[in-house]
Every structure is written in structure tokens, then in C-alpha cells.
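Dumped query14.txt below, it's compact mmCIF, C-alpha atoms:
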```txt
# COMPACT_ATOMS: atom_id res chain seq x y z
CA MET Q 1264 12.91 12.23 -12.87
CA PRO Q 1265 13.66 15.21 -10.53
CA ALA Q 1266 15.57 14.27 -7.37
CA THR Q 1267 12.68 15.29 -5.10
CA THR Q 1268 10.21 13.16 -7.08
CA HIS Q 1269 12.59 10.20 -6.98
CA ALA Q 1270 12.95 10.57 -3.20
CA ASN Q 1271 9.18 10.76 -2.82
CA LEU Q 1272 8.75 7.63 -4.94
CA GLU Q 1273 11.26 5.70 -2.82
CA SER Q 1274 9.69 6.74 0.49
CA LEU Q 1275 6.15 6.02 -0.74
CA THR Q 1276 7.24 2.64 -2.14
CA ASP Q 1277 8.73 1.77 1.25
CA LEU Q 1278 5.40 2.67 2.86
CA VAL Q 1279 3.49 0.41 0.44
CA TYR Q 1280 5.55 -2.63 1.40
CA GLY Q 1281 5.66 -1.57 5.04
CA ALA Q 1282 1.83 -1.50 5.09
CA LEU Q 1283 1.69 -4.87 3.36
CA PHE Q 1284 3.90 -6.56 5.96
CA GLY Q 1285 2.54 -4.75 9.01
CA GLU Q 1286 5.49 -2.45 9.73
CA THR Q 1287 3.21 0.55 9.20
CA ASP Q 1288 -0.35 0.93 7.87
CA TRP Q 1289 -2.15 2.19 4.79
CA GLN Q 1290 -3.22 5.35 6.61
CA ASP Q 1291 0.44 6.38 6.88
CA PHE Q 1292 0.83 5.83 3.15
CA LEU Q 1293 -2.19 8.01 2.33
CA ASP Q 1294 -1.21 10.73 4.82
CA THR Q 1295 2.28 10.92 3.30
CA LEU Q 1296 0.93 11.03 -0.26
CA SER Q 1297 -1.41 13.86 0.74
CA THR Q 1298 1.54 16.08 1.65
CA ARG Q 1299 2.44 16.22 -2.06
CA MET Q 1300 -0.46 18.50 -3.04
CA PRO Q 1301 -2.28 21.53 -1.56
CA ASP Q 1302 -5.50 20.91 0.44
CA ALA Q 1303 -5.20 17.25 -0.50
CA LYS Q 1304 -7.78 14.57 0.26
CA THR Q 1305 -6.30 11.22 -0.71
CA THR Q 1306 -8.38 8.05 -0.82
CA LEU Q 1307 -8.41 4.43 -1.85
CA PHE Q 1308 -11.85 3.75 -3.30
CA TYR Q 1309 -13.83 1.48 -5.57
CA HIS Q 1310 -16.33 2.21 -8.31
CA ASP Q 1311 -18.83 0.00 -10.11
CA SER Q 1312 -19.23 1.36 -13.64
CA VAL Q 1313 -22.40 -0.64 -14.32
CA ALA Q 1314 -24.20 0.26 -11.09
CA GLY Q 1315 -22.84 3.81 -11.25
CA ALA Q 1316 -21.94 3.63 -7.58
CA GLY Q 1317 -18.93 3.31 -5.35
CA ALA Q 1318 -17.43 4.37 -2.05
CA PHE Q 1319 -14.44 6.04 -0.50
CA SER Q 1320 -12.91 3.61 1.96
CA LEU Q 1321 -9.64 4.67 3.56
CA CYS Q 1322 -9.11 8.43 3.41
CA SER Q 1323 -6.66 11.12 4.42
CA GLY Q 1324 -7.86 14.68 4.97
CA LEU Q 1325 -11.59 14.10 4.50
CA ASP Q 1326 -13.91 14.35 7.50
CA ASP Q 1327 -16.85 12.05 8.24
CA THR Q 1328 -19.37 14.46 6.68
CA GLY Q 1329 -17.53 14.56 3.37
CA LEU Q 1330 -16.98 10.81 3.42
CA GLU Q 1331 -20.64 10.07 4.12
CA GLY Q 1332 -21.78 12.55 1.48
CA TYR Q 1333 -19.69 10.90 -1.22
CA ASN Q 1334 -20.60 7.35 -0.28
CA ARG Q 1335 -24.31 8.12 0.02
CA TYR Q 1336 -24.83 10.25 -3.10
CA TYR Q 1337 -21.93 11.94 -4.89
CA CYS Q 1338 -20.38 8.62 -5.94
CA THR Q 1339 -23.40 8.17 -8.22
CA ILE Q 1340 -22.77 11.46 -10.09
CA ASN Q 1341 -18.95 11.54 -10.13
CA PRO Q 1342 -18.36 12.98 -13.65
CA TRP Q 1343 -14.80 11.64 -13.89
CA MET Q 1344 -15.66 7.97 -13.58
CA PRO Q 1345 -17.06 7.24 -17.10
CA LYS Q 1346 -13.66 8.09 -18.61
CA ALA Q 1347 -11.74 6.60 -15.68
CA ALA Q 1348 -13.56 3.29 -16.25
CA VAL Q 1349 -11.90 2.88 -19.65
CA ARG Q 1350 -8.49 4.42 -18.93
CA PRO Q 1351 -5.54 1.99 -18.93
CA VAL Q 1352 -4.94 0.35 -15.56
CA GLY Q 1353 -1.80 1.65 -13.85
CA LEU Q 1354 -1.59 4.92 -15.81
CA GLY Q 1355 -1.82 8.08 -13.71
CA VAL Q 1356 -4.29 10.68 -14.93
CA ILE Q 1357 -5.25 14.28 -14.16
CA ALA Q 1358 -8.84 15.46 -13.90
CA ASP Q 1359 -8.71 17.47 -17.14
CA GLN Q 1360 -8.02 14.26 -19.11
CA MET Q 1361 -11.32 12.85 -17.88
CA LEU Q 1362 -13.39 16.05 -18.11
CA PRO Q 1363 -12.21 19.56 -19.10
CA HIS Q 1364 -12.29 21.94 -16.15
CA VAL Q 1365 -14.68 24.32 -17.95
CA GLU Q 1366 -17.19 21.46 -18.05
CA LEU Q 1367 -16.45 20.21 -14.55
CA VAL Q 1368 -17.40 23.57 -12.96
CA LYS Q 1369 -20.91 23.25 -14.38
CA THR Q 1370 -21.60 20.02 -12.51
CA GLU Q 1371 -23.41 19.43 -9.24
CA PHE Q 1372 -20.48 17.27 -8.17
CA TYR Q 1373 -18.09 20.21 -8.43
CA ASN Q 1374 -20.33 22.89 -6.92
CA ASP Q 1375 -21.88 20.90 -4.08
CA PHE Q 1376 -19.14 18.42 -3.21
CA LEU Q 1377 -15.66 19.43 -4.39
CA ARG Q 1378 -16.01 23.10 -3.39
CA SER Q 1379 -17.44 22.15 0.01
CA ILE Q 1380 -14.23 20.26 0.84
CA GLY Q 1381 -11.91 22.93 -0.57
CA CYS Q 1382 -10.94 21.08 -3.76
CA ARG Q 1383 -11.14 21.92 -7.47
CA SER Q 1384 -9.38 19.08 -9.29
CA SER Q 1385 -7.73 15.69 -8.82
CA VAL Q 1386 -5.10 13.18 -9.91
CA GLY Q 1387 -5.63 9.43 -9.78
CA VAL Q 1388 -4.76 5.96 -10.98
CA THR Q 1389 -6.73 2.74 -11.43
CA ILE Q 1390 -4.92 -0.04 -9.59
CA LEU Q 1391 -7.20 -2.97 -10.45
CA ARG Q 1392 -10.25 -3.48 -12.67
CA GLU Q 1393 -12.40 -6.62 -12.67
CA ASN Q 1394 -16.02 -7.34 -13.59
CA ASN Q 1395 -16.86 -3.66 -14.14
CA ARG Q 1396 -15.45 -2.75 -10.72
CA SER Q 1397 -12.29 -0.70 -10.34
CA PHE Q 1398 -10.09 -0.10 -7.31
CA ASN Q 1399 -8.49 3.32 -7.44
CA LEU Q 1400 -6.12 5.72 -5.71
CA SER Q 1401 -6.99 9.39 -6.01
CA THR Q 1402 -5.96 12.74 -4.55
CA LEU Q 1403 -8.52 15.56 -4.62
CA THR Q 1404 -6.76 18.94 -4.51
CA SER Q 1405 -7.24 22.70 -4.79
CA SER Q 1406 -4.51 22.82 -7.46
CA THR Q 1407 -5.61 23.46 -11.05
CA ASP Q 1408 -2.01 23.81 -12.26
CA THR Q 1409 -1.92 21.30 -15.11
CA GLY Q 1410 1.87 20.92 -15.12
CA PHE Q 1411 2.10 20.41 -11.36
CA ASN Q 1412 -0.78 17.95 -11.40
CA ARG Q 1413 0.82 15.95 -14.23
CA ILE Q 1414 4.00 15.52 -12.17
CA ASN Q 1415 1.91 13.98 -9.40
CA ALA Q 1416 -0.04 11.81 -11.84
CA ASP Q 1417 3.30 10.52 -13.17
CA LEU Q 1418 4.30 9.67 -9.60
CA LEU Q 1419 1.12 7.57 -9.30
CA THR Q 1420 2.04 5.78 -12.54
CA ARG Q 1421 5.40 4.79 -11.02
CA LEU Q 1422 3.74 3.75 -7.75
CA ALA Q 1423 1.06 1.65 -9.45
CA PRO Q 1424 3.15 -1.52 -10.06
CA HIS Q 1425 4.11 -1.65 -6.38
CA LEU Q 1426 0.49 -1.20 -5.31
CA GLN Q 1427 -0.63 -3.90 -7.75
CA ARG Q 1428 1.96 -6.35 -6.39
CA ALA Q 1429 0.96 -5.57 -2.81
CA PHE Q 1430 -2.75 -6.04 -3.45
CA ASP Q 1431 -2.18 -9.19 -5.48
CA PHE Q 1432 -0.25 -10.61 -2.53
CA MET Q 1433 -3.12 -9.66 -0.19
CA ARG Q 1434 -5.57 -11.37 -2.51
CA ARG Q 1435 -3.62 -14.64 -2.56
CA ASP Q 1436 -2.76 -14.73 1.15
CA LYS Q 1437 -5.27 -17.04 2.86
CA THR Q 1438 -3.27 -17.81 6.02
CA GLY Q 1439 -5.76 -16.13 8.33
CA ASN Q 1440 -8.71 -18.03 6.90
CA GLU Q 1441 -6.93 -21.38 7.21
CA MET Q 1442 -6.17 -20.71 10.84
CA GLY Q 1443 -9.76 -19.69 11.52
CA ARG Q 1444 -11.12 -22.88 9.98
CA SER Q 1445 -8.79 -25.12 12.00
CA LEU Q 1446 -9.71 -23.38 15.26
CA PHE Q 1447 -13.41 -23.90 14.59
CA ASP Q 1448 -12.76 -27.55 13.71
CA ALA Q 1449 -11.08 -28.02 17.08
CA ILE Q 1450 -14.24 -27.01 18.94
CA GLY Q 1451 -16.66 -28.81 16.60
CA VAL Q 1452 -18.18 -25.68 15.08
CA GLY Q 1453 -18.87 -25.41 11.34
CA LEU Q 1454 -17.49 -22.39 9.48
CA ILE Q 1455 -18.43 -21.48 5.91
CA TYR Q 1456 -17.14 -18.46 4.00
CA VAL Q 1457 -19.68 -17.21 1.46
CA SER Q 1458 -19.02 -14.64 -1.26
CA GLU Q 1459 -21.30 -12.63 -3.52
CA GLY Q 1460 -24.31 -14.53 -4.82
CA ARG Q 1461 -24.23 -16.97 -1.86
CA GLN Q 1462 -21.29 -18.74 -3.53
CA ILE Q 1463 -19.31 -20.89 -1.11
CA ARG Q 1464 -15.66 -19.86 -1.02
CA SER Q 1465 -14.49 -22.40 1.55
CA MET Q 1466 -15.61 -24.38 4.59
CA ASN Q 1467 -13.99 -26.33 7.40
CA LEU Q 1468 -14.30 -30.07 8.02
CA ALA Q 1469 -16.93 -29.65 10.74
CA ALA Q 1470 -19.17 -27.75 8.33
CA GLU Q 1471 -18.75 -30.44 5.66
CA GLN Q 1472 -19.84 -33.09 8.16
CA MET Q 1473 -22.83 -31.03 9.32
CA LEU Q 1474 -24.00 -30.35 5.77
CA ALA Q 1475 -24.02 -34.11 5.18
CA THR Q 1476 -26.77 -34.34 7.83
CA ASP Q 1477 -30.11 -32.57 8.14
CA VAL Q 1478 -28.78 -29.14 9.12
CA GLY Q 1479 -31.42 -27.08 7.33
CA ILE Q 1480 -28.96 -25.66 4.81
CA SER Q 1481 -27.40 -27.38 1.80
CA VAL Q 1482 -25.07 -26.88 -1.15
CA THR Q 1483 -26.39 -26.67 -4.72
CA PRO Q 1484 -24.58 -28.40 -7.63
CA THR Q 1485 -23.19 -24.97 -8.58
CA GLY Q 1486 -21.61 -24.48 -5.16
CA ARG Q 1487 -24.12 -22.04 -3.70
CA LEU Q 1488 -25.48 -22.19 -0.17
CA SER Q 1489 -29.22 -22.90 -0.08
CA SER Q 1490 -31.97 -23.32 2.48
CA SER Q 1491 -35.73 -23.68 2.74
CA ASP Q 1492 -35.71 -20.74 5.18
CA ARG Q 1493 -36.36 -17.65 3.04
CA ASP Q 1494 -35.46 -15.24 5.83
CA PHE Q 1495 -32.07 -16.92 6.23
CA LEU Q 1496 -31.41 -16.77 2.46
CA GLU Q 1497 -32.39 -13.11 2.23
CA HIS Q 1498 -30.04 -12.18 5.06
CA LEU Q 1499 -27.25 -14.28 3.56
CA ALA Q 1500 -27.65 -12.61 0.16
CA SER Q 1501 -27.62 -9.20 1.84
CA PHE Q 1502 -24.56 -9.96 3.95
CA SER Q 1503 -22.55 -11.14 0.92
CA ARG Q 1504 -23.12 -8.01 -1.18
CA TYR Q 1505 -20.52 -5.27 -1.55
CA ARG Q 1506 -22.72 -2.70 0.15
CA PRO Q 1507 -24.97 -4.36 2.71
CA PRO Q 1508 -27.51 -2.46 4.86
CA ALA Q 1509 -25.97 -0.36 7.63
CA ALA Q 1510 -27.18 -2.79 10.30
CA ALA Q 1511 -25.65 -5.90 8.80
CA GLY Q 1512 -25.51 -8.46 11.51
CA PRO Q 1513 -25.19 -10.71 13.15
CA PHE Q 1514 -28.30 -12.72 12.24
CA THR Q 1515 -29.21 -16.05 13.80
CA ALA Q 1516 -31.42 -18.83 12.46
CA ARG Q 1517 -32.23 -22.19 14.04
CA PHE Q 1518 -32.92 -25.44 12.26
CA SER Q 1519 -34.36 -28.44 14.04
CA SER Q 1520 -35.22 -32.08 13.31
CA ALA Q 1521 -36.39 -34.86 15.60
CA CYS Q 1522 -32.85 -35.66 16.76
CA ALA Q 1523 -30.75 -32.58 16.19
CA SER Q 1524 -30.85 -28.82 16.33
CA PHE Q 1525 -28.41 -26.35 14.85
CA LYS Q 1526 -27.88 -22.65 15.37
CA CYS Q 1527 -26.60 -20.81 12.28
CA THR Q 1528 -25.17 -17.35 12.82
CA LEU Q 1529 -24.41 -15.01 9.90
CA VAL Q 1530 -21.63 -12.48 10.32
CA ARG Q 1531 -20.63 -9.84 7.76
CA LEU Q 1532 -16.82 -9.79 7.60
CA THR Q 1533 -15.56 -6.23 7.17
CA SER Q 1534 -11.98 -6.30 8.45
CA ASP Q 1535 -10.89 -3.67 5.94
CA PHE Q 1536 -12.19 -2.38 2.66
CA MET Q 1537 -9.19 -3.29 0.55
CA THR Q 1538 -9.34 -6.94 1.57
CA GLU Q 1539 -13.05 -6.94 0.76
CA PHE Q 1540 -12.45 -5.53 -2.69
CA LEU Q 1541 -9.51 -7.80 -3.45
CA GLN Q 1542 -11.04 -11.03 -2.15
CA GLY Q 1543 -14.71 -10.09 -2.61
CA PRO Q 1544 -17.35 -9.42 0.06
CA THR Q 1545 -17.53 -12.25 2.55
CA ALA Q 1546 -20.13 -13.51 4.98
CA ALA Q 1547 -19.26 -16.16 7.55
CA VAL Q 1548 -21.83 -18.82 8.43
CA VAL Q 1549 -21.12 -20.29 11.86
CA ILE Q 1550 -22.97 -23.56 12.56
CA GLU Q 1551 -23.27 -24.88 16.12
CA ARG Q 1552 -24.88 -28.16 17.09
CA ILE Q 1553 -27.26 -27.90 20.06
CA PRO Q 1554 -27.95 -31.07 22.09
CA VAL Q 1555 -31.68 -31.84 22.09
CA ALA Q 1556 -34.00 -34.64 23.09
CA CYS Q 1557 -34.11 -37.61 20.67
CA PRO Q 1558 -36.77 -40.28 20.17
CA GLU Q 1559 -34.80 -42.44 22.61
CA LEU Q 1560 -36.43 -40.26 25.27
CA ASN Q 1561 -39.53 -42.43 24.88
CA ASP Q 1562 -37.50 -45.47 25.91
CA ARG Q 1563 -37.23 -43.89 29.35
CA LEU Q 1564 -40.96 -43.19 29.65
CA PRO Q 1565 -43.98 -45.39 30.42
CA ALA Q 1566 -46.05 -46.21 27.33
CA LYS Q 1567 -48.90 -43.89 28.32
CA ARG Q 1568 -46.52 -40.94 28.75
CA GLN Q 1569 -44.54 -41.33 25.53
CA LEU Q 1570 -44.46 -38.33 23.18
CA THR Q 1571 -45.82 -38.34 19.66
CA ALA Q 1572 -43.56 -37.45 16.72
CA ALA Q 1573 -45.03 -33.92 16.63
CA GLU Q 1574 -44.51 -33.51 20.37
CA LEU Q 1575 -40.90 -34.69 20.06
CA ARG Q 1576 -40.26 -32.00 17.43
CA ILE Q 1577 -41.79 -29.32 19.67
CA ALA Q 1578 -39.86 -30.56 22.71
CA SER Q 1579 -36.61 -30.62 20.73
CA SER Q 1580 -37.11 -27.03 19.59
CA ILE Q 1581 -37.89 -25.81 23.10
CA ALA Q 1582 -34.80 -27.63 24.38
CA ALA Q 1583 -32.77 -25.86 21.69
CA GLY Q 1584 -33.78 -22.52 23.19
CA LEU Q 1585 -36.63 -21.48 20.89
CA SER Q 1586 -39.71 -19.76 22.24
CA PRO Q 1587 -43.16 -21.28 21.55
CA ARG Q 1588 -43.75 -18.67 18.83
CA GLU Q 1589 -40.38 -19.41 17.18
CA THR Q 1590 -41.13 -23.13 17.44
CA ALA Q 1591 -44.48 -22.65 15.71
CA LYS Q 1592 -42.84 -20.71 12.87
CA LEU Q 1593 -40.08 -23.29 12.49
CA HIS Q 1594 -42.49 -26.20 12.11
CA GLY Q 1595 -45.12 -24.38 10.08
CA ILE Q 1596 -47.91 -24.60 12.62
CA SER Q 1597 -50.02 -22.02 14.44
CA TYR Q 1598 -48.98 -20.62 17.78
CA GLU Q 1599 -52.09 -22.12 19.39
CA THR Q 1600 -51.21 -25.58 18.02
CA ALA Q 1601 -47.69 -25.24 19.41
CA ARG Q 1602 -49.13 -24.25 22.80
CA THR Q 1603 -51.45 -27.26 22.78
CA HIS Q 1604 -48.54 -29.60 22.02
CA LEU Q 1605 -46.50 -27.95 24.77
CA LYS Q 1606 -49.32 -28.37 27.28
CA ASN Q 1607 -49.53 -32.08 26.43
CA ILE Q 1608 -45.75 -32.41 26.78
CA TYR Q 1609 -45.85 -30.74 30.21
CA SER Q 1610 -48.58 -33.12 31.31
CA LYS Q 1611 -46.82 -36.28 30.05
CA LEU Q 1612 -43.46 -35.34 31.55
CA GLY Q 1613 -44.83 -33.94 34.79
CA VAL Q 1614 -43.32 -30.44 34.44
CA ASN Q 1615 -44.84 -26.98 34.46
CA SER Q 1616 -42.22 -24.68 32.88
CA GLN Q 1617 -39.78 -24.54 29.95
CA VAL Q 1618 -36.81 -24.62 32.35
CA ALA Q 1619 -38.13 -27.79 33.98
CA LEU Q 1620 -38.86 -29.26 30.53
CA VAL Q 1621 -35.28 -28.74 29.36
CA ARG Q 1622 -33.91 -30.36 32.50
CA ARG Q 1623 -36.28 -33.29 32.03
CA LEU Q 1624 -35.36 -33.78 28.38
CA MET Q 1625 -31.62 -33.95 28.85
CA PRO Q 1626 -30.27 -37.49 29.46
```
Entire entry expressed as C-alpha cells:
Amino acid sequence: MPATTHANLESLTDLVYGALFGETDWQDFLDTLSTRMPDAKTTLFYHDSVAGAGAFSLCSGLDDTGLEGYNRYYCTINPWMPKAAVRPVGLGVIADQMLPHVELVKTEFYNDFLRSIGCRSSVGVTILRENNRSFNLSTLTSSTDTGFNRINADLLTRLAPHLQRAFDFMRRDKTGNEMGRSLFDAIGVGLIYVSEGRQIRSMNLAAEQMLATDVGISVTPTGRLSSSDRDFLEHLASFSRYRPPAAAGPFTARFSSACASFKCTLVRLTSDFMTEFLQGPTAAVVIERIPVACPELNDRLPAKRQLTAAELRIASSIAAGLSPRETAKLHGISYETARTHLKNIYSKLGVNSQVALVRRLMP
């Protein structure tokens, strides 16, 4: 190995482990790697060979327009990926090994994307491949010098084991999640981490206790999160996909029974793309118990003013912060029926507003 290449390998390896342990970041690693080649755009990205889609995540040298263009469209027609999907993991490759340059220049990808960002070729390496998805490191460049590009592809081959070790460590490190669960336990809030397909990855003790009651959500025998609320399930499925809608959260649903009400908030966790790829897409379900009026309320009322079971459900939902329309939807009744119940509740309790009702319902 030439002395300059060896020095580059050592400095880049140091940056890999420095990024892993927080002494630097992955952007520094990519920026340094980009200095190796002319007009370089270096990126960590994933590709799904079955869906024919992917995305650039962390990039060096590529502006927002180029990034958006690739993620929105050009990832679906990247002509290098069919061969890249079957290349050995950890083996650096030049573009010509995946598609001869004379064929590449005939493609829409080359003429409309590569040329627009000042590039004509690339070198790359697949770091991980699982379930048809690959996680890759690639440098797009203006260089078409096969010999020069091979030297840089060989450098990626030597870097690959260090990157694989770093990402494997990131995948196994769950310290942050454990701390998050314990903090939520301390304040009595349920926390559930859900991966692709609504599969439960983990939950804290508070969530386990809440799911044992009538929360409105449950766990199937296969370990998936379920609910009778279709809207909640659709949002949960969307939030736990690799590429959710642009406006992905948060989303809040409320579940109510005669004695308890819970607020469930869905949050799409997107701390960084590499963690998402390595550990899978994750949605957090945060469950909060809301104090509401219970049937014991009737023990404090004269017989003629006691609420019916239906009125108790409506009162509980209003006390939980729902509007009359939300209450009607929750209990599967018409808005007019909910209003009629609410009018009867006002009359029995001697109040004339939702604020006064809530104050009256609380012990």
C-alpha cells in the first residue's frame, strides 16, 4: 500500500472510531473522505432492492436540491444498484464494475442527475445487507480514471471492517433507550418502542401495567401493537415505516372507559439515519393516564341527579379534554346524541359550561 494511502486509511479509521464515541461526528468523516477525489459527493445511504428505492442520508458536497432530487426520484432509477445489491459486502467497487461507462452515459440517471451535480462516475462499498436492504458508503466523482478510482475503491475495502464494527456496536448499544424507559417509569408514563409492522421492540413497566387495563390498545400473541381505533393503527403503521410521510407526527389519540382515560401520543423517532437503518425505524407510543370522573361520583349525588352509564362515559370524556364532537366519535354516537347527553349532565350537576363541568367532576 502506498504511504499516502496508508496515512489516509489511518486518519479515516481514527475518524470512524472518533464518530462512534462522540469525539467527532460522521460529517467530519465524510468531509475528509471527499477530499480524496475530484468534485466528490460522499454519502452514507440505504437502498431497498425489492422496492427499488432508497435515500441519501448524511452527505458531503451535495446541496439540498441534489439530495431531494435523489431521494424523491433518482434513487428509483439508479442503474448501479442491481449489481451493487449482489456484490460481496465489504468489497470496494468502481462504477464500471456495476455498469460500463458507455452504457451509463445513455441513462437518464447520468444525464439528468450525475451531470447536474458535476459527477461522471463513483466508487462505493456495501457495509451491511439485511432483508433486501443495504447500507452503503459511496463517493460520486468527476473522475473516470479507472486506475485512480480503483485505488480509492481499495481504500473503502480496507475501511469497511472498521465501519462494520462501528455500526454493529451502534446497533447493540441500547443505553439511551434504557434510560428513557426508566425516566418515564419515574413519572408514571407508559413508553413503548414500536418497529416496522407495529412490532413491539420494548416497553417500560408503566406501559406494561397500563396495557393490563382497558387502555384502548393491546398486544397480539405475535407481539404486535393493536387497537380498535383504525386511525390510530394507520398512523402507527405509517410512523414505523422506513420512509414515512413528510409530516410524520406527533399524532394523539384518546381512549376512555367509565373509570379511566388515556392519552396516547405517537412520535416518529428520527435521531439520525444510521441509527434508524441499524436498529430499524422506530415509533414511540407515549401513554398518559388522565384523571376522570368514576361511577363513585354518583355516591356524592342525590338519587334524582345521578348520571346514567352513558352520561358517565360522556362526562368522563369531557373531563379528559375531548370536545363534544370527539366524544361522539369515541363512543360511536351522533354529535346530536352527545349534545343531548351533555345537556342532561349539565342539568343534573347544576353547571352550564365544560369548564364548570370539569371542576364539578373532580373529587
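Nearest to Ser1385 in chain Q of all the residues Q:Met1473, Q:Leu1575, Q:Ile1463, Q:Met1300 is Q:Met1300, counting all atoms listed in the file.
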For the point (-37.3, -27.2, 3.2) in the file's frame, write as a ChimeraX atom specification all residues with an atom no more than 9 Å away, counting all atoms listed in the file. /Q:1479-1480,1490-1492
When you draw a straight line from CA of Val1368 in chain Q to CA of Ser1406 in chain Q, how long is it in Å? 14.0 Å
Between CA of Arg1464 in chain Q and CA of Leu1400 in chain Q, what is the spacing in Å? 27.7 Å
Neighbour list for range 1567-1572 of chain Q as a PyMOL selection string, cut-off 7 Å, all atoms listed in the file, skip fewer than 5 positions in-chain: chain Q and resi 1561+1611-1612
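Comparing the minimum interatomic distances between Asp1417 in chain Q and each of Q:Leu1293, Q:Gly1387, Q:Pro1363, Q:Pro1351, counting only C-alpha atoms, we find that Q:Gly1387 sits nearest.
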Select, from Q:Thr1476, Q:Thr1402, Q:Gln1427, Q:Ser1481, the residue with the minimum atom-to-atom distance to Arg1461 in chain Q, counting all atoms listed in the file. Q:Ser1481
Set the distance at 6 Å and use all atoms listed in the file: which residues neighbour range 1355-1358 of chain Q once local chain neighbours fewer than 3 positions away are removed? I'd like the list as an MDAnalysis selection string. chainID Q and resid 1361 1384:1388 1416:1417 1419:1420
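If you look at CA of Gly1453 in chain Q and CA of Leu1474 in chain Q, they are 9.0 Å away from each other.
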Box centre and edge lengths (Å, one decimal), axis-aligned, range 1295-1308 of chain Q plus 5 Å each side, as JSON:
```
{"center_x": -4.7, "center_y": 12.6, "center_z": 0.0, "size_x": 24.3, "size_y": 27.8, "size_z": 16.6}
```
For Ala1303 in chain Q, please output as a PyMOL selection string all residues within 12 Å (counting only C-alpha atoms; exclusion window: fewer than 3 positions along the same chain). chain Q and resi 1293-1300+1306+1322-1325+1377+1380-1386+1401-1406+1412+1415
Give me the residues near Gly1595 in chain Q as number ranges by chain, where near means some atom within 12 Å (using only C-alpha atoms) and where sequence neighbours in that chain fewer than 5 positions away do not count. Q: 1491-1492, 1573, 1576-1577, 1588-1590, 1600-1601
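Across Q:Val1618, Q:Leu1307, Q:Leu1422, Q:Val1352, the tightest approach to Leu1278 in chain Q is made by Q:Leu1422 when counting all atoms listed in the file.
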Can you tell me which residues surround range 1544-1551 of chain Q at a distance of at most 6 Å, considering all atoms listed in the file, apart from same-chain residues fewer than 2 positions away, and format the answer as a VMD selection string? chain Q and resid 1452 to 1458 1502 to 1503 1505 1525 to 1532 1539
